[in-house]
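K.L.:
My structure file input.txt, compact mmCIF, C-alpha atoms, is below:
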```txt
# COMPACT_ATOMS: atom_id res chain seq x y z
CA MET A 571 -117.67 -10.48 -37.29
CA ARG A 572 -118.76 -7.23 -35.64
CA VAL A 573 -117.66 -5.75 -32.32
CA ALA A 574 -121.25 -6.03 -31.04
CA ASP A 575 -121.08 -9.82 -31.49
CA ILE A 576 -118.34 -10.32 -28.91
CA MET A 577 -118.20 -7.20 -26.68
CA ARG A 578 -119.12 -7.25 -22.99
CA THR A 579 -122.11 -5.22 -21.92
CA ASN A 580 -122.52 -5.92 -18.19
CA LEU A 581 -119.75 -3.71 -16.88
CA GLU A 582 -118.46 -3.06 -13.40
CA THR A 583 -117.54 0.62 -13.20
CA ILE A 584 -115.91 2.94 -10.68
CA ASP A 585 -116.43 6.64 -9.93
CA VAL A 586 -113.72 9.21 -10.67
CA ASP A 587 -113.71 10.31 -7.04
CA ALA A 588 -113.30 6.81 -5.56
CA THR A 589 -109.93 6.17 -3.91
CA VAL A 590 -107.24 3.86 -5.25
CA ALA A 591 -108.01 1.53 -2.31
CA ASP A 592 -111.63 1.35 -3.56
CA ALA A 593 -110.37 0.49 -7.06
CA VAL A 594 -108.08 -2.25 -5.74
CA ALA A 595 -110.96 -3.75 -3.76
CA SER A 596 -113.26 -3.65 -6.78
CA LEU A 597 -110.65 -5.08 -9.17
CA THR A 598 -109.86 -8.00 -6.88
CA GLU A 599 -113.49 -8.72 -5.93
CA THR A 600 -114.72 -8.76 -9.51
CA GLY A 601 -111.62 -10.43 -10.96
CA VAL A 602 -111.49 -8.05 -13.93
CA SER A 603 -108.26 -6.42 -15.08
CA ALA A 604 -109.74 -2.95 -15.58
CA LEU A 605 -112.74 -0.80 -14.70
CA PRO A 606 -114.34 1.96 -16.79
CA VAL A 607 -114.25 5.24 -14.82
CA ILE A 608 -117.48 7.21 -14.70
CA ASP A 609 -117.83 10.92 -13.87
CA ARG A 610 -120.63 12.54 -11.85
CA MET A 611 -122.69 13.00 -15.01
CA GLY A 612 -122.48 9.26 -15.73
CA ARG A 613 -120.06 9.67 -18.62
CA ALA A 614 -117.13 7.28 -19.20
CA VAL A 615 -114.00 9.39 -18.90
CA GLY A 616 -111.21 6.85 -18.46
CA ILE A 617 -110.13 3.37 -17.54
CA CYS A 618 -108.39 2.14 -14.38
CA SER A 619 -106.48 -1.11 -14.85
CA THR A 620 -104.39 -3.30 -12.55
CA GLN A 621 -101.37 -2.03 -14.49
CA ASP A 622 -102.31 1.61 -13.84
CA VAL A 623 -102.38 0.82 -10.12
CA LEU A 624 -99.03 -0.98 -10.17
CA ALA A 625 -97.43 1.77 -12.26
CA ALA A 626 -98.53 4.33 -9.62
CA GLU A 627 -97.40 1.97 -6.87
CA SER A 628 -93.93 1.59 -8.38
CA ARG A 629 -93.51 5.39 -8.22
CA CYS A 630 -94.11 5.37 -4.44
CA HIS A 631 -90.98 5.49 -2.34
CA GLY A 632 -91.64 4.33 1.19
CA PRO A 633 -94.64 3.37 3.31
CA ALA A 634 -95.96 6.93 3.72
CA ALA A 635 -96.13 7.50 -0.03
CA ARG A 636 -97.86 4.17 -0.51
CA GLU A 637 -100.40 4.99 2.16
CA GLN A 638 -101.03 8.35 0.48
CA LEU A 639 -101.61 6.53 -2.81
CA PHE A 640 -104.13 4.10 -1.40
CA GLU A 641 -106.16 6.27 0.93
CA LYS A 642 -105.80 9.81 -0.39
CA THR A 643 -105.34 9.46 -4.15
CA LEU A 644 -108.39 9.42 -6.40
CA VAL A 645 -108.92 7.08 -9.33
CA LEU A 646 -109.06 10.24 -11.47
CA GLU A 647 -105.36 10.82 -10.80
CA ILE A 648 -104.04 7.42 -11.91
CA MET A 649 -106.53 6.35 -14.60
CA THR A 650 -105.76 6.35 -18.31
CA PRO A 651 -108.00 9.15 -19.57
CA TRP A 652 -110.02 9.02 -22.76
CA PRO A 653 -109.31 5.46 -23.86
CA ALA A 654 -109.54 4.57 -27.52
CA THR A 655 -113.02 3.66 -28.68
CA ALA A 656 -114.73 1.36 -31.13
CA HIS A 657 -118.19 1.33 -32.71
CA PRO A 658 -120.48 -1.71 -32.26
CA GLU A 659 -120.75 -2.20 -36.03
CA GLU A 660 -116.99 -2.21 -36.70
CA ASP A 661 -115.22 -5.31 -37.98
CA VAL A 662 -113.31 -7.20 -35.28
CA ARG A 663 -110.13 -7.40 -37.42
CA ILE A 664 -110.01 -3.61 -37.76
CA VAL A 665 -110.47 -3.23 -34.02
CA ALA A 666 -107.81 -5.90 -33.33
CA ARG A 667 -105.36 -3.88 -35.42
CA ARG A 668 -106.16 -0.72 -33.44
CA MET A 669 -105.62 -2.54 -30.13
CA PHE A 670 -102.39 -4.13 -31.33
CA GLU A 671 -100.90 -0.97 -32.82
CA GLY A 672 -102.07 1.19 -29.91
CA LYS A 673 -100.76 -1.38 -27.41
CA VAL A 674 -103.99 -1.33 -25.43
CA GLN A 675 -105.78 -4.21 -23.75
CA ARG A 676 -109.30 -2.97 -24.41
CA LEU A 677 -111.45 -0.38 -26.14
CA PHE A 678 -114.63 1.35 -25.03
CA VAL A 679 -117.51 0.64 -27.36
CA GLU A 680 -119.51 3.82 -27.83
CA GLU A 681 -122.65 4.59 -29.77
CA GLN A 682 -123.77 8.21 -30.12
CA GLY A 683 -121.46 9.20 -27.29
CA ALA A 684 -122.79 6.63 -24.82
CA LEU A 685 -120.73 3.73 -23.42
CA VAL A 686 -122.49 0.54 -24.54
CA GLY A 687 -119.75 -2.01 -23.87
CA VAL A 688 -116.08 -2.90 -23.75
CA ILE A 689 -114.13 -5.14 -26.10
CA SER A 690 -110.93 -6.63 -24.71
CA GLN A 691 -108.10 -8.78 -26.01
CA THR A 692 -109.70 -11.66 -24.08
CA ASP A 693 -112.89 -11.29 -26.14
CA ILE A 694 -110.84 -11.60 -29.35
CA VAL A 695 -108.94 -14.62 -28.00
CA ALA A 696 -112.34 -16.20 -27.19
CA ALA A 697 -113.43 -15.69 -30.79
CA VAL A 698 -110.20 -17.32 -32.01
CA ALA A 699 -110.74 -20.21 -29.58
CA ALA A 700 -114.19 -20.74 -31.03
CA THR A 701 -112.65 -20.46 -34.52
CA ARG A 702 -114.96 -17.56 -35.27
CA VAL A 703 -112.08 -15.35 -36.45
CA MET B 1382 -100.53 -21.43 -37.52
CA LYS B 1383 -98.22 -22.66 -34.78
CA VAL B 1384 -97.42 -21.08 -31.44
CA ALA B 1385 -93.76 -20.73 -32.48
CA ASP B 1386 -94.81 -18.46 -35.39
CA ILE B 1387 -96.12 -15.70 -33.13
CA MET B 1388 -94.64 -16.23 -29.63
CA GLN B 1389 -92.20 -13.80 -28.04
CA THR B 1390 -88.76 -15.21 -27.33
CA THR B 1391 -87.19 -12.38 -25.36
CA LEU B 1392 -88.77 -12.37 -21.95
CA GLU B 1393 -88.04 -10.91 -18.56
CA THR B 1394 -88.06 -13.33 -15.66
CA ILE B 1395 -88.03 -12.95 -11.87
CA GLY B 1396 -86.58 -15.27 -9.21
CA THR B 1397 -88.56 -17.13 -6.57
CA ASP B 1398 -86.64 -15.40 -3.77
CA ASP B 1399 -86.86 -11.87 -5.19
CA SER B 1400 -89.23 -9.51 -3.39
CA VAL B 1401 -92.65 -8.64 -4.73
CA ALA B 1402 -91.45 -5.00 -4.80
CA GLU B 1403 -88.80 -5.99 -7.39
CA ALA B 1404 -91.46 -7.79 -9.43
CA VAL B 1405 -93.66 -4.66 -9.38
CA THR B 1406 -90.76 -2.55 -10.65
CA THR B 1407 -90.12 -4.96 -13.53
CA ILE B 1408 -93.83 -5.28 -14.38
CA ALA B 1409 -94.18 -1.46 -14.49
CA GLU B 1410 -90.97 -0.90 -16.47
CA GLN B 1411 -91.67 -3.59 -19.04
CA HIS B 1412 -95.39 -2.76 -19.38
CA VAL B 1413 -96.32 -6.42 -19.00
CA SER B 1414 -99.13 -7.89 -16.95
CA GLY B 1415 -97.12 -10.76 -15.51
CA LEU B 1416 -93.69 -12.37 -15.25
CA PRO B 1417 -92.45 -15.96 -15.39
CA VAL B 1418 -90.86 -17.05 -12.13
CA VAL B 1419 -87.71 -19.16 -12.35
CA ASN B 1420 -85.81 -21.04 -9.65
CA ASP B 1421 -82.06 -20.80 -9.05
CA ARG B 1422 -81.47 -23.36 -11.83
CA GLY B 1423 -83.40 -21.25 -14.32
CA ARG B 1424 -86.40 -23.60 -14.43
CA LEU B 1425 -89.90 -22.19 -14.82
CA VAL B 1426 -91.77 -22.77 -11.55
CA GLY B 1427 -94.53 -20.16 -11.53
CA VAL B 1428 -96.00 -16.91 -12.72
CA ILE B 1429 -96.65 -13.66 -10.88
CA SER B 1430 -99.25 -11.28 -12.30
CA SER B 1431 -100.37 -7.75 -11.50
CA THR B 1432 -103.60 -9.29 -10.18
CA ASP B 1433 -101.60 -11.43 -7.69
CA VAL B 1434 -99.93 -8.26 -6.37
CA LEU B 1435 -103.23 -6.37 -6.04
CA GLN B 1436 -104.71 -9.38 -4.23
CA LEU B 1437 -101.87 -9.19 -1.71
CA LEU B 1438 -102.38 -5.44 -1.21
CA SER B 1439 -106.14 -5.81 -0.85
CA GLU B 1440 -105.75 -8.44 1.87
CA VAL B 1441 -103.74 -6.09 4.11
CA THR B 1442 -106.14 -4.25 6.38
CA ASP B 1443 -103.57 -2.49 8.55
CA PRO B 1444 -102.50 0.67 6.67
CA GLU B 1445 -99.04 0.71 8.27
CA ARG B 1446 -98.34 -2.88 7.24
CA ARG B 1447 -99.38 -2.09 3.67
CA GLY B 1448 -96.42 0.26 3.49
CA ASP B 1449 -93.78 -2.46 3.55
CA ILE B 1450 -95.70 -5.58 2.54
CA LEU B 1451 -94.22 -5.60 -0.97
CA GLU B 1452 -90.64 -5.53 0.29
CA ALA B 1453 -91.39 -8.11 3.00
CA THR B 1454 -93.07 -10.65 0.72
CA LEU B 1455 -91.20 -13.00 -1.60
CA VAL B 1456 -92.37 -13.75 -5.12
CA ARG B 1457 -92.74 -17.46 -4.30
CA GLU B 1458 -95.27 -16.66 -1.55
CA ILE B 1459 -97.87 -15.21 -3.92
CA MET B 1460 -96.99 -16.64 -7.33
CA THR B 1461 -99.21 -19.13 -9.09
CA ALA B 1462 -97.20 -22.35 -9.16
CA LYS B 1463 -97.04 -24.72 -12.10
CA PRO B 1464 -98.13 -22.31 -14.82
CA VAL B 1465 -99.88 -23.62 -17.90
CA THR B 1466 -97.42 -24.37 -20.68
CA VAL B 1467 -97.69 -25.14 -24.35
CA GLU B 1468 -95.34 -26.60 -26.94
CA PRO B 1469 -93.92 -24.49 -29.79
CA ASP B 1470 -95.61 -26.57 -32.48
CA ALA B 1471 -99.08 -26.46 -30.86
CA ASP B 1472 -101.87 -24.87 -32.92
CA VAL B 1473 -102.69 -21.25 -32.04
CA HIS B 1474 -106.44 -21.96 -31.90
CA GLU B 1475 -105.79 -24.69 -29.33
CA ALA B 1476 -103.57 -22.30 -27.35
CA ALA B 1477 -106.38 -19.71 -27.43
CA ARG B 1478 -108.74 -22.31 -25.99
CA GLN B 1479 -106.26 -23.10 -23.18
CA MET B 1480 -106.05 -19.39 -22.33
CA LEU B 1481 -109.79 -19.01 -22.33
CA TYR B 1482 -110.60 -22.06 -20.23
CA GLY B 1483 -107.76 -21.36 -17.81
CA GLU B 1484 -108.76 -17.67 -17.58
CA ILE B 1485 -105.13 -16.69 -18.15
CA HIS B 1486 -103.51 -14.00 -20.24
CA ARG B 1487 -100.38 -15.86 -21.29
CA LEU B 1488 -98.99 -19.34 -21.84
CA PHE B 1489 -95.37 -20.22 -21.37
CA VAL B 1490 -93.75 -22.12 -24.20
CA GLU B 1491 -91.53 -24.99 -23.15
CA TYR B 1492 -89.43 -27.24 -25.33
CA ASP B 1493 -87.68 -30.22 -23.83
CA GLY B 1494 -88.28 -28.82 -20.34
CA ALA B 1495 -86.72 -25.42 -21.10
CA LEU B 1496 -88.58 -22.10 -21.23
CA VAL B 1497 -88.25 -20.88 -24.83
CA GLY B 1498 -90.93 -18.20 -25.09
CA VAL B 1499 -94.28 -16.80 -24.06
CA LEU B 1500 -97.52 -16.50 -25.97
CA SER B 1501 -99.76 -13.67 -24.77
CA GLN B 1502 -103.24 -12.56 -25.71
CA THR B 1503 -101.59 -9.61 -27.46
CA ASP B 1504 -99.71 -12.00 -29.78
CA ILE B 1505 -103.01 -13.61 -30.80
CA VAL B 1506 -104.66 -10.20 -31.31
CA GLY B 1507 -101.66 -9.27 -33.47
CA ALA B 1508 -102.21 -12.36 -35.61
CA VAL B 1509 -105.91 -11.50 -36.02
CA ALA B 1510 -104.98 -7.90 -36.91
CA GLY B 1511 -102.54 -9.14 -39.54
CA ALA B 1512 -105.20 -11.53 -40.94
CA LYS B 1513 -102.93 -14.48 -40.14
CA LEU B 1514 -105.77 -16.26 -38.35
```
Kindly present the structure from the file in structure tokens form.

P.N.:
Amino acid sequence: MRVADIMRTNLETIDVDATVADAVASLTETGVSALPVIDRMGRAVGICSTQDVLAAESRCHGPAAREQLFEKTLVLEIMTPWPATAHPEEDVRIVARRMFEGKVQRLFVEEQGALVGVISQTDIVAAVAATRV
Amino acid sequence: MKVADIMQTTLETIGTDDSVAEAVTTIAEQHVSGLPVVNDRGRLVGVISSTDVLQLLSEVTDPERRGDILEATLVREIMTAKPVTVEPDADVHEAARQMLYGEIHRLFVEYDGALVGVLSQTDIVGAVAGAKL
């Protein structure tokens, strides 16, 4: 099975210069665990996950620091930059190994430098559930 | 393949009466997306995920209140009660289906009423990567 067979293509994204509060709102409204981060040229430059937000939150000591994080900090500052990528034609087992060994929840799927989708651990679990892997 | 073959048996837990701030610290330190919640007798009663915490933060509209909401809220107030469980000798494909239909990232493994492990999406991805599935 290829990555293209199970990847997601309709992606919610967030801008690099959105605030952390914007990211929290978007993550909770859409129910996804991470958002691709897009720069002003429309390029995918990172990923902002619920865990990135909580990791930044856990470094805040006191209400003032937390307020600074939510209202004044940009997604750019807490995102995981340059996430690992996969190609649409790659075999899912190879990609599963890369996710597992790299301890990442998802990979950007890129073709000729353009973001065409995301493949997550959930997509692989869905393939197992359907006994396609 | 059975759940017991790939589940994790060392797992961090959090108490019902601990603060959400303590849960965030553990989630960030352990690099996990959620924690099993146990009562004072050590019984599994719920699960708290990073999404639950972000939901709490997103619902606070007063910036000053956001500053101390995590310390002021108990785990039991925002946890998901009665988490989905699975038995150690259940089939991994069936467990994958339970995760998918329940839209959850992990299943707790109970044997004779006791929490004995956790099966996460990462464990299933690891099995796919190792060609065990």

K.L.:
Under the rule that all atoms listed in the file are counted, which of A:Pro606, A:Pro651, A:Gly672, A:Pro658 is the nearest residue to chain B?

P.N.:
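Among the listed residues, A:Gly672 lies closest to chain B.
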
K.L.:
Pull out every residue of chain A sitting within 9 Å of chain B, counting only C-alpha atoms, and send them as a PyMOL selection string.

P.N.:
chain A and resi 591+594-595+597-599+601-603+620-629+632-637+640-641+662-671+673-675+691-692+694-701+703

K.L.:
Could you tell me how far atom CA of Gln1411 of chain B lies from atom CA of Arg1424 of chain B, in Å and to one decimal?

P.N.:
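Separation of atom CA of Gln1411 of chain B and atom CA of Arg1424 of chain B: 21.2 Å.
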
K.L.:
Might you pull out every residue within 8 Å of Glu1468 of chain B, with all atoms listed in the file counted and same-chain residues fewer than 6 positions away left off, and present them as a count of residues only?

P.N.:
4

K.L.:
Quote the spacing between atom CA of Ala1453 of chain B and atom CA of Ala588 of chain A in Å to one decimal place.

P.N.:
27.9 Å

K.L.:
Expressed in Å to a single decimal, how great is the separation between atom CA of Ala654 of chain A and atom CA of Ser619 of chain A?

P.N.:
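Separation between atom CA of Ala654 of chain A and atom CA of Ser619 of chain A: 14.2 Å.
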
K.L.:
Rank nothing, just name the residue among A:Thr583, A:Val688, A:Glu660, A:Ala593 nearest to Arg613 of chain A, using all atoms listed in the file.

P.N.:
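Closest to Arg613 of chain A of all the choices is A:Thr583.
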
K.L.:
Leaving out Ala1495 of chain B and any residue of its chain fewer than 5 positions from it, which residues lie within 12 Å of it when counting only C-alpha atoms, given as a list in words?

P.N.:
Val1419, Arg1422, Gly1423, Arg1424, Leu1425, Val1426, Thr1466, Val1467, Glu1468, Pro1469, Phe1489 and Val1490 of chain B
